[in-house]
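Shown below: target-v8.txt, with compact mmCIF, C-alpha atoms and all ligand atoms.
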```txt
# COMPACT_ATOMS: atom_id res chain seq x y z
CA MET A 1 21.82 50.13 -98.56
CA THR A 2 23.49 53.59 -98.44
CA ALA A 3 25.14 54.80 -95.25
CA ALA A 4 22.36 57.35 -94.76
CA ALA A 5 19.69 54.65 -94.98
CA LYS A 6 21.13 52.57 -92.17
CA PRO A 7 18.88 52.41 -89.11
CA LYS A 8 20.11 54.59 -86.24
CA ILE A 9 20.78 52.60 -83.09
CA LEU A 10 21.78 53.71 -79.59
CA LEU A 11 23.57 51.44 -77.12
CA THR A 12 22.97 52.92 -73.67
CA ARG A 13 26.13 51.34 -72.16
CA ARG A 14 29.44 49.94 -73.46
CA TRP A 15 29.34 46.31 -74.66
CA THR A 16 32.18 43.93 -75.41
CA GLU A 17 34.27 44.92 -78.42
CA GLU A 18 33.04 42.00 -80.54
CA ALA A 19 29.37 42.76 -79.94
CA GLU A 20 29.78 46.50 -80.53
CA ARG A 21 31.77 45.83 -83.71
CA TYR A 22 29.06 43.56 -85.10
CA LEU A 23 26.43 46.27 -84.80
CA CYS A 24 28.72 49.14 -85.84
CA GLU A 25 29.56 47.34 -89.11
CA ARG A 26 25.88 47.07 -90.03
CA TYR A 27 24.08 50.08 -88.56
CA ASP A 28 24.51 53.75 -87.75
CA VAL A 29 25.40 53.13 -84.10
CA THR A 30 25.95 55.59 -81.28
CA LEU A 31 27.96 54.21 -78.37
CA ASN A 32 27.77 55.60 -74.85
CA GLU A 33 31.54 56.30 -74.86
CA ARG A 34 31.67 57.40 -71.21
CA ASP A 35 29.59 54.37 -70.15
CA VAL A 36 27.54 56.42 -67.68
CA PRO A 37 23.85 55.71 -67.04
CA MET A 38 21.37 57.81 -69.03
CA ASP A 39 18.58 59.62 -67.20
CA VAL A 40 14.95 59.84 -68.31
CA ALA A 41 15.46 63.16 -70.15
CA ALA A 42 18.37 61.70 -72.16
CA LEU A 43 16.38 58.56 -72.94
CA GLN A 44 13.43 60.69 -74.09
CA GLN A 45 15.72 62.59 -76.44
CA ALA A 46 17.05 59.24 -77.71
CA MET A 47 13.47 58.12 -78.36
CA ARG A 48 13.18 61.01 -80.84
CA ASP A 49 16.60 60.52 -82.45
CA TYR A 50 16.95 56.76 -83.03
CA ASP A 51 15.18 53.86 -84.74
CA ALA A 52 16.17 51.43 -81.98
CA ILE A 53 17.49 51.76 -78.46
CA CYS A 54 19.42 48.90 -76.87
CA PRO A 55 19.17 49.54 -73.16
CA THR A 56 20.06 47.32 -70.26
CA VAL A 57 18.73 46.38 -66.85
CA THR A 58 19.70 49.68 -65.21
CA ASP A 59 17.86 51.93 -67.69
CA PRO A 60 14.38 53.10 -66.66
CA ILE A 61 12.44 52.49 -69.87
CA ASN A 62 9.21 53.64 -68.25
CA ALA A 63 5.94 55.10 -69.53
CA ALA A 64 7.43 58.62 -69.59
CA VAL A 65 10.20 57.41 -71.91
CA LEU A 66 8.05 55.15 -74.07
CA GLY A 67 5.34 57.80 -74.40
CA THR A 68 7.78 60.48 -75.61
CA PRO A 69 5.90 62.69 -78.09
CA GLY A 70 7.35 62.44 -81.57
CA ALA A 71 9.22 59.20 -80.78
CA ARG A 72 11.00 57.56 -83.71
CA VAL A 73 12.09 54.38 -81.90
CA LYS A 74 10.36 51.21 -83.01
CA LEU A 75 12.49 48.61 -81.17
CA ILE A 76 13.77 48.37 -77.61
CA GLY A 77 16.38 45.63 -77.92
CA ASN A 78 17.17 44.95 -74.30
CA PHE A 79 20.61 43.67 -73.30
CA GLY A 80 19.54 41.27 -70.55
CA VAL A 81 16.97 38.60 -69.94
CA GLY A 82 15.06 40.46 -67.21
CA PHE A 83 12.87 43.26 -68.48
CA ASN A 84 11.10 44.52 -65.36
CA HIS A 85 12.76 47.92 -65.98
CA ILE A 86 10.73 48.24 -69.18
CA ASP A 87 7.06 49.18 -69.04
CA VAL A 88 5.90 46.53 -71.47
CA ALA A 89 2.27 47.75 -71.46
CA ALA A 90 3.42 51.28 -72.36
CA ALA A 91 5.62 49.86 -75.13
CA LYS A 92 2.68 47.92 -76.56
CA ALA A 93 0.46 51.00 -76.37
CA ALA A 94 3.10 53.00 -78.25
CA GLY A 95 3.53 50.27 -80.88
CA ILE A 96 7.16 49.66 -79.89
CA MET A 97 8.56 46.12 -79.92
CA VAL A 98 10.60 44.90 -76.95
CA SER A 99 13.07 42.00 -77.09
CA ASN A 100 15.40 40.41 -74.51
CA THR A 101 18.34 37.96 -74.39
CA PRO A 102 17.26 34.59 -72.95
CA ASP A 103 19.33 31.37 -72.99
CA VAL A 104 22.79 32.84 -73.43
CA LEU A 105 23.23 33.82 -69.77
CA THR A 106 21.66 30.73 -68.22
CA ASP A 107 24.88 28.89 -67.35
CA ALA A 108 26.79 31.91 -66.11
CA THR A 109 23.94 32.95 -63.82
CA ALA A 110 23.39 29.43 -62.52
CA ASP A 111 27.14 29.21 -61.80
CA LEU A 112 26.87 32.40 -59.79
CA ALA A 113 23.89 31.09 -57.82
CA ILE A 114 26.00 28.07 -56.88
CA LEU A 115 28.94 30.34 -56.04
CA LEU A 116 26.73 32.28 -53.62
CA LEU A 117 25.22 29.07 -52.24
CA LEU A 118 28.67 27.74 -51.42
CA MET A 119 30.09 31.04 -50.19
CA ALA A 120 27.16 31.57 -47.85
CA THR A 121 27.01 28.01 -46.50
CA ARG A 122 30.82 27.79 -46.12
CA ARG A 123 31.27 31.31 -44.72
CA ALA A 124 33.78 32.13 -47.45
CA GLY A 125 33.31 35.91 -47.26
CA GLU A 126 33.91 35.93 -43.51
CA GLY A 127 37.02 33.80 -43.94
CA GLU A 128 38.46 36.00 -46.64
CA ARG A 129 37.86 39.16 -44.63
CA GLU A 130 39.44 37.58 -41.55
CA LEU A 131 42.55 36.56 -43.47
CA ARG A 132 43.01 39.86 -45.34
CA GLU A 133 42.56 41.84 -42.13
CA GLY A 134 45.28 39.82 -40.39
CA ARG A 135 42.87 38.29 -37.87
CA TRP A 136 43.50 34.61 -38.81
CA THR A 137 45.26 32.85 -35.94
CA GLY A 138 45.66 29.48 -37.70
CA TRP A 139 43.83 26.18 -38.22
CA ARG A 140 41.68 24.83 -35.43
CA PRO A 141 38.90 22.24 -35.38
CA THR A 142 36.14 24.71 -34.61
CA HIS A 143 37.26 27.55 -36.85
CA LEU A 144 34.59 29.14 -39.10
CA MET A 145 32.49 26.01 -39.38
CA GLY A 146 29.86 26.32 -42.07
CA GLN A 147 27.27 23.86 -43.26
CA SER A 148 27.56 20.92 -45.66
CA VAL A 149 25.20 21.02 -48.62
CA SER A 150 25.20 17.34 -49.67
CA GLY A 151 21.85 15.74 -48.92
CA LYS A 152 20.29 19.09 -47.98
CA THR A 153 17.18 20.49 -49.64
CA LEU A 154 17.57 23.26 -52.17
CA GLY A 155 14.23 25.05 -52.48
CA ILE A 156 13.84 27.00 -55.70
CA VAL A 157 11.26 29.71 -56.29
CA GLY A 158 10.50 30.13 -60.00
CA PHE A 159 11.58 27.28 -62.27
CA GLY A 160 12.70 28.83 -65.53
CA ARG A 161 15.93 28.15 -67.41
CA ILE A 162 18.34 29.58 -64.83
CA ALA A 163 16.55 27.82 -61.98
CA GLN A 164 16.71 24.51 -63.82
CA ALA A 165 20.41 24.93 -64.54
CA THR A 166 21.00 25.76 -60.87
CA ALA A 167 18.99 22.71 -59.82
CA HIS A 168 21.00 20.52 -62.17
CA ARG A 169 24.30 21.75 -60.73
CA ALA A 170 23.10 21.44 -57.13
CA HIS A 171 21.76 17.91 -57.58
CA HIS A 172 24.39 16.38 -59.86
CA GLY A 173 27.35 18.39 -58.61
CA PHE A 174 26.66 18.63 -54.89
CA GLY A 175 24.17 15.88 -54.11
CA MET A 176 21.40 18.23 -53.03
CA GLN A 177 17.72 17.32 -53.04
CA VAL A 178 15.80 19.78 -55.20
CA ALA A 179 12.28 21.03 -54.52
CA TYR A 180 10.69 23.88 -56.41
CA TYR A 181 7.70 26.17 -56.54
CA GLY A 182 6.54 27.81 -59.74
CA ARG A 183 3.31 29.14 -61.12
CA ARG A 184 3.12 26.03 -63.25
CA ARG A 185 4.52 22.58 -62.70
CA ALA A 186 7.41 21.78 -65.07
CA PRO A 187 7.14 18.91 -67.58
CA ALA A 188 8.10 15.49 -66.19
CA GLU A 189 11.34 15.28 -68.20
CA ILE A 190 12.57 18.57 -66.76
CA GLU A 191 11.78 17.41 -63.22
CA ALA A 192 13.50 14.10 -63.94
CA ALA A 193 16.68 15.75 -65.23
CA CYS A 194 17.51 17.01 -61.74
CA LYS A 195 15.08 14.91 -59.67
CA ALA A 196 13.19 18.10 -58.82
CA ARG A 197 10.08 17.73 -56.67
CA TYR A 198 7.22 20.18 -57.19
CA VAL A 199 5.83 21.88 -54.08
CA GLY A 200 2.57 23.65 -54.87
CA ASP A 201 2.70 26.04 -51.93
CA VAL A 202 5.50 28.60 -51.69
CA ASP A 203 5.20 28.80 -47.90
CA ALA A 204 5.64 25.05 -47.55
CA LEU A 205 8.70 25.22 -49.79
CA ILE A 206 10.20 28.08 -47.77
CA ALA A 207 9.65 26.17 -44.51
CA GLU A 208 11.38 22.99 -45.70
CA SER A 209 14.34 24.53 -47.56
CA ASP A 210 17.88 24.35 -46.23
CA VAL A 211 18.91 26.70 -49.03
CA LEU A 212 16.30 28.84 -50.76
CA SER A 213 17.34 30.12 -54.19
CA LEU A 214 15.21 32.80 -55.85
CA HIS A 215 14.72 32.70 -59.62
CA CYS A 216 11.40 34.45 -60.21
CA PRO A 217 11.12 37.62 -62.29
CA GLY A 218 10.94 41.05 -60.68
CA GLY A 219 7.75 43.10 -60.77
CA ALA A 220 4.62 43.79 -58.75
CA GLU A 221 3.69 40.12 -58.39
CA THR A 222 6.93 39.12 -56.68
CA HIS A 223 7.64 42.36 -54.80
CA HIS A 224 8.81 41.45 -51.26
CA LEU A 225 7.82 37.82 -51.77
CA ILE A 226 10.41 37.15 -49.09
CA ASN A 227 9.21 39.35 -46.23
CA ALA A 228 9.49 39.31 -42.43
CA GLU A 229 6.67 36.80 -42.07
CA ARG A 230 8.14 34.31 -44.54
CA LEU A 231 11.63 34.77 -43.09
CA SER A 232 10.21 33.84 -39.68
CA LYS A 233 9.01 30.52 -41.15
CA MET A 234 12.45 29.48 -42.38
CA LYS A 235 14.73 27.05 -40.57
CA PRO A 236 17.22 28.83 -38.28
CA THR A 237 19.97 27.13 -40.31
CA ALA A 238 18.51 28.25 -43.65
CA VAL A 239 20.41 30.20 -46.30
CA ILE A 240 18.84 32.47 -48.94
CA VAL A 241 20.39 33.05 -52.35
CA ASN A 242 19.10 35.78 -54.65
CA THR A 243 20.30 36.08 -58.23
CA ALA A 244 16.87 37.14 -59.56
CA ARG A 245 15.83 40.69 -58.71
CA GLY A 246 16.44 42.65 -55.52
CA THR A 247 12.80 43.62 -55.13
CA VAL A 248 11.85 39.99 -54.48
CA VAL A 249 13.36 40.33 -50.99
CA ASP A 250 12.48 42.91 -48.33
CA GLU A 251 16.10 43.87 -47.60
CA ALA A 252 15.31 45.59 -44.30
CA ALA A 253 13.50 42.48 -43.05
CA LEU A 254 16.32 40.25 -44.29
CA ALA A 255 18.90 42.35 -42.43
CA VAL A 256 16.86 42.04 -39.21
CA ALA A 257 16.58 38.24 -39.64
CA LEU A 258 20.30 37.84 -40.39
CA LYS A 259 21.35 40.09 -37.50
CA ALA A 260 19.20 38.14 -35.04
CA ASN A 261 20.47 34.83 -36.54
CA ARG A 262 16.88 33.89 -37.31
CA ILE A 263 18.33 32.44 -40.49
CA ALA A 264 21.97 31.45 -40.93
CA ALA A 265 23.13 33.38 -43.97
CA ALA A 266 22.34 34.92 -47.34
CA GLY A 267 24.11 35.34 -50.65
CA LEU A 268 22.92 38.27 -52.73
CA ASP A 269 23.77 39.42 -56.24
CA VAL A 270 20.84 41.81 -56.70
CA TYR A 271 19.39 44.63 -54.60
CA GLU A 272 16.22 46.65 -54.23
CA ARG A 273 17.82 49.99 -55.16
CA GLU A 274 20.97 49.14 -57.12
CA PRO A 275 23.70 50.27 -56.82
CA VAL A 276 22.64 51.19 -53.28
CA VAL A 277 22.79 48.28 -50.85
CA HIS A 278 20.79 48.45 -47.63
CA PRO A 279 23.27 49.80 -45.02
CA ASP A 280 22.17 47.23 -42.43
CA LEU A 281 23.27 44.41 -44.76
CA VAL A 282 26.70 45.87 -45.43
CA GLY A 283 27.73 45.57 -41.78
CA LEU A 284 26.74 41.91 -41.40
CA ASP A 285 29.19 39.04 -41.58
CA ASN A 286 26.64 36.37 -42.50
CA VAL A 287 25.74 37.81 -45.89
CA VAL A 288 27.75 37.58 -49.10
CA LEU A 289 27.24 40.67 -51.27
CA LEU A 290 28.16 40.63 -54.96
CA PRO A 291 27.59 43.55 -57.37
CA HIS A 292 25.08 42.00 -59.85
CA LEU A 293 27.62 39.71 -61.50
CA GLY A 294 25.26 36.91 -62.58
CA SER A 295 26.02 37.09 -66.30
CA ALA A 296 29.42 38.75 -65.98
CA THR A 297 31.71 36.50 -68.00
CA ARG A 298 33.36 37.82 -71.16
CA GLU A 299 31.85 34.99 -73.20
CA THR A 300 28.37 35.55 -71.84
CA ARG A 301 28.37 39.32 -72.23
CA THR A 302 29.52 38.93 -75.84
CA ALA A 303 26.81 36.34 -76.45
CA MET A 304 24.24 38.71 -74.93
CA GLY A 305 25.34 41.54 -77.21
CA LEU A 306 25.22 39.29 -80.26
CA ARG A 307 21.79 38.07 -79.20
CA VAL A 308 20.55 41.68 -79.10
CA ALA A 309 22.15 42.14 -82.52
CA ARG A 310 20.28 39.12 -83.87
CA ASN A 311 17.02 40.65 -82.65
CA VAL A 312 17.95 43.96 -84.28
CA ASP A 313 18.83 42.19 -87.55
CA LEU A 314 15.53 40.30 -87.62
CA PHE A 315 13.54 43.40 -86.75
CA PHE A 316 15.05 45.57 -89.48
CA ALA A 317 14.85 42.71 -91.99
CA GLY A 318 11.11 42.58 -91.30
CA GLN A 319 11.32 39.02 -89.96
CA PRO A 320 9.82 37.61 -86.74
CA VAL A 321 11.94 38.54 -83.71
CA GLN A 322 12.40 35.34 -81.71
CA ASP A 323 13.09 37.04 -78.40
CA LYS A 324 10.15 39.40 -78.64
CA VAL A 325 8.58 39.96 -75.22
CA ALA A 326 6.14 42.69 -76.28
C1 LIG B 1 19.59 40.08 -66.71
O1 LIG B 1 19.97 39.79 -67.84
O2 LIG B 1 18.41 40.28 -66.46
C2 LIG B 1 20.60 40.13 -65.61
O3 LIG B 1 20.12 40.66 -64.45
C3 LIG B 1 21.88 40.80 -66.06
O4 LIG B 1 22.52 39.85 -66.79
```
As structure tokens, please, write out the structure in this file.
Ligand code: DGY
Amino acid sequence: MTAAAKPKILLTRRWTEEAERYLCERYDVTLNERDVPMDVAALQQAMRDYDAICPTVTDPINAAVLGTPGARVKLIGNFGVGFNHIDVAAAKAAGIMVSNTPDVLTDATADLAILLLLMATRRAGEGERELREGRWTGWRPTHLMGQSVSGKTLGIVGFGRIAQATAHRAHHGFGMQVAYYGRRRAPAEIEAACKARYVGDVDALIAESDVLSLHCPGGAETHHLINAERLSKMKPTAVIVNTARGTVVDEAALAVALKANRIAAAGLDVYEREPVVHPDLVGLDNVVLLPHLGSATRETRTAMGLRVARNVDLFFAGQPVQDKVA
């Protein structure tokens, strides 16, 4: 293949060196050197200039982008497992393939769900702030008492790979009882692996959970699944963990519930309008706020980049793309 014949590929953000190098050695790659988000107009121009765009979860790959007149792009190789930022129907209509990066971020994201679960139940954020601000007066029996998790019920909404890995950690690592709700019941061997009990009604699950961990995809179907009404049905000691998508939770309603101590705490990694976080949440002590770090380990981010690269390789080799979502 001559240099001129190499497919032209745009990476919308910087990747790890190893993943960028892999693609740069094989394709005519443009890197986003300044690593700043691209707006719709820039993405539309890219649709005309490249054979493939490799965007990520913060890029609005909407109908206006996918319907760009004179588009040359034939593959959207998403860096990330979630693809609610991509209008899949518009991609299909335009004859553009979309792929994602499942599997490789499962463990890292499940680890982070457990991190939030423990931080929120053990009031770790409050403790750290107290210490750093010089307010710690020393050990005492009633200081910053949180909640134990052993023997408690972890309710899980959505039971895909990351949810299952979280359930496994919670059950085998921390002795939690796992219950889950999903659109479909998982096969018996998956339930058995973490002794997960299926609850066919999301409201029943929410009411019985000591910790509720959200693992459903974003999108219209799950928008504000956790709203004021559902929050009012939770135990007053309950803790919510969200590593899925911010839109699954009505942040304003969550802030009201946390402020009134209607639930005990929350641990959030994702937000409705990232990078903006609802101002009422920022001022609360009983919420742990992380900046969308679910998959943020060096190993995982490299594996994600190489997984996109595999999809790109298969696509341009004319072979079936395993991670095709549209
Ligand atoms: C994803 O992949 O969807 C995460 O939100 C970022 O890792």
Item to complete: Considering all atoms listed in the file, state which residue in the set A:Gly125, A:Gly294, A:Gly219, A:Gly175 is at the smallest distance from ligand LIG 1 (chain B).
Response: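 Residue with the minimum atom-to-atom distance to ligand LIG 1 (chain B): A:Gly294.
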Worksheet item: Which one is closest to ligand LIG 1 (chain B): A:Asp269, A:Glu126, A:Asp39, A:Asp49? Count all atoms listed in the file.
Response: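 Comparing A:Asp269, A:Glu126, A:Asp39, A:Asp49 against ligand LIG 1 (chain B), the winner is A:Asp269.
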Item to complete: Give as a PyMOL selection string the residues surrounding ligand LIG 1 (chain B) up to a distance of 10 Å, considering only C-alpha atoms and all ligand atoms.
Response: chain A and resi 56-58+78-85+100-106+108-109+217-218+243-246+269-270+292-297+300-301+304
Write the residues of the selection above to a file with C-alpha atoms, as a CSV table (one decimal), keeping the file's coordinate frame.
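Result file follows (part_34.csv):
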```csv
chain,number,residue,atom,x,y,z
A,56,THR,CA,20.1,47.3,-70.3
A,57,VAL,CA,18.7,46.4,-66.8
A,58,THR,CA,19.7,49.7,-65.2
A,78,ASN,CA,17.2,45.0,-74.3
A,79,PHE,CA,20.6,43.7,-73.3
A,80,GLY,CA,19.5,41.3,-70.6
A,81,VAL,CA,17.0,38.6,-69.9
A,82,GLY,CA,15.1,40.5,-67.2
A,83,PHE,CA,12.9,43.3,-68.5
A,84,ASN,CA,11.1,44.5,-65.4
A,85,HIS,CA,12.8,47.9,-66.0
A,100,ASN,CA,15.4,40.4,-74.5
A,101,THR,CA,18.3,38.0,-74.4
A,102,PRO,CA,17.3,34.6,-73.0
A,103,ASP,CA,19.3,31.4,-73.0
A,104,VAL,CA,22.8,32.8,-73.4
A,105,LEU,CA,23.2,33.8,-69.8
A,106,THR,CA,21.7,30.7,-68.2
A,108,ALA,CA,26.8,31.9,-66.1
A,109,THR,CA,23.9,33.0,-63.8
A,217,PRO,CA,11.1,37.6,-62.3
A,218,GLY,CA,10.9,41.0,-60.7
A,243,THR,CA,20.3,36.1,-58.2
A,244,ALA,CA,16.9,37.1,-59.6
A,245,ARG,CA,15.8,40.7,-58.7
A,246,GLY,CA,16.4,42.6,-55.5
A,269,ASP,CA,23.8,39.4,-56.2
A,270,VAL,CA,20.8,41.8,-56.7
A,292,HIS,CA,25.1,42.0,-59.8
A,293,LEU,CA,27.6,39.7,-61.5
A,294,GLY,CA,25.3,36.9,-62.6
A,295,SER,CA,26.0,37.1,-66.3
A,296,ALA,CA,29.4,38.8,-66.0
A,297,THR,CA,31.7,36.5,-68.0
A,300,THR,CA,28.4,35.6,-71.8
A,301,ARG,CA,28.4,39.3,-72.2
A,304,MET,CA,24.2,38.7,-74.9
```
Worksheet item: Near A:Leu118, counting only C-alpha atoms, which residues have an atom at most 10 Å away, once you skip same-chain residues fewer than 5 positions from it, shown as a VMD selection string?
Response: chain A and resid 112 to 113 123 to 124 146 to 149 174 241 267
Worksheet item: How far is it from atom CA of A:Asn286 to atom CA of A:Leu214, in Å with one decimal?
Response: 17.9 Å
Discussion item. So that I can check the surroundings of A:Ile61, please list as a ChimeraX atom specification every protein, DNA and RNA residue that reaches within 12 Å of it, counting all atoms listed in the file and ignoring chain neighbours fewer than 4 positions away.
Written reply: /A:12,38-44,46-47,53-57,65-68,75-78,83-91,96,98
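Picture a line from atom CA of A:Val249 to atom CA of A:Leu268; it runs 9.9 Å.
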Worksheet item: Suppose you want the space between atom CA of A:Gly200 and atom CA of A:Ile263; what is it in Å?
Response: 23.1 Å
Item to complete: Compare A:Arg129, A:Arg13, A:Lys8, A:Arg21 by their minimum atom-to-atom distance to A:Ala52, counting all atoms listed in the file, and give me the closest one.
Response: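 Between A:Arg129, A:Arg13, A:Lys8, A:Arg21, the residue approaching A:Ala52 most closely is A:Lys8.
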Practice prompt. Determine, counting only C-alpha atoms, every residue of protein, DNA or RNA that lies within 9 Å of (8.6, 22.3, -39.3) in the file coordinates, then give the result as a PyMOL selection string.
Written response: chain A and resi 207-208+233-235
Fill in: Non-local contacts of A:Arg230 (9 Å; all atoms listed in the file; under 5 positions in same chain excluded) as a list in words
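Listed by chain and then number, they are Asp203, Ile206, Ala207 and Leu225 of chain A.
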Generate a file of the selected residues that holds C-alpha atoms, formatted as an mmCIF file, in the coordinates of the input.
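Result file follows (part24.cif):
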```cif
data_model
loop_
_atom_site.group_PDB
_atom_site.id
_atom_site.type_symbol
_atom_site.label_atom_id
_atom_site.label_comp_id
_atom_site.auth_asym_id
_atom_site.auth_seq_id
_atom_site.Cartn_x
_atom_site.Cartn_y
_atom_site.Cartn_z
ATOM 1 C CA ASP A 203 5.200 28.800 -47.900
ATOM 2 C CA ILE A 206 10.200 28.080 -47.770
ATOM 3 C CA ALA A 207 9.650 26.170 -44.510
ATOM 4 C CA LEU A 225 7.820 37.820 -51.770
#
```
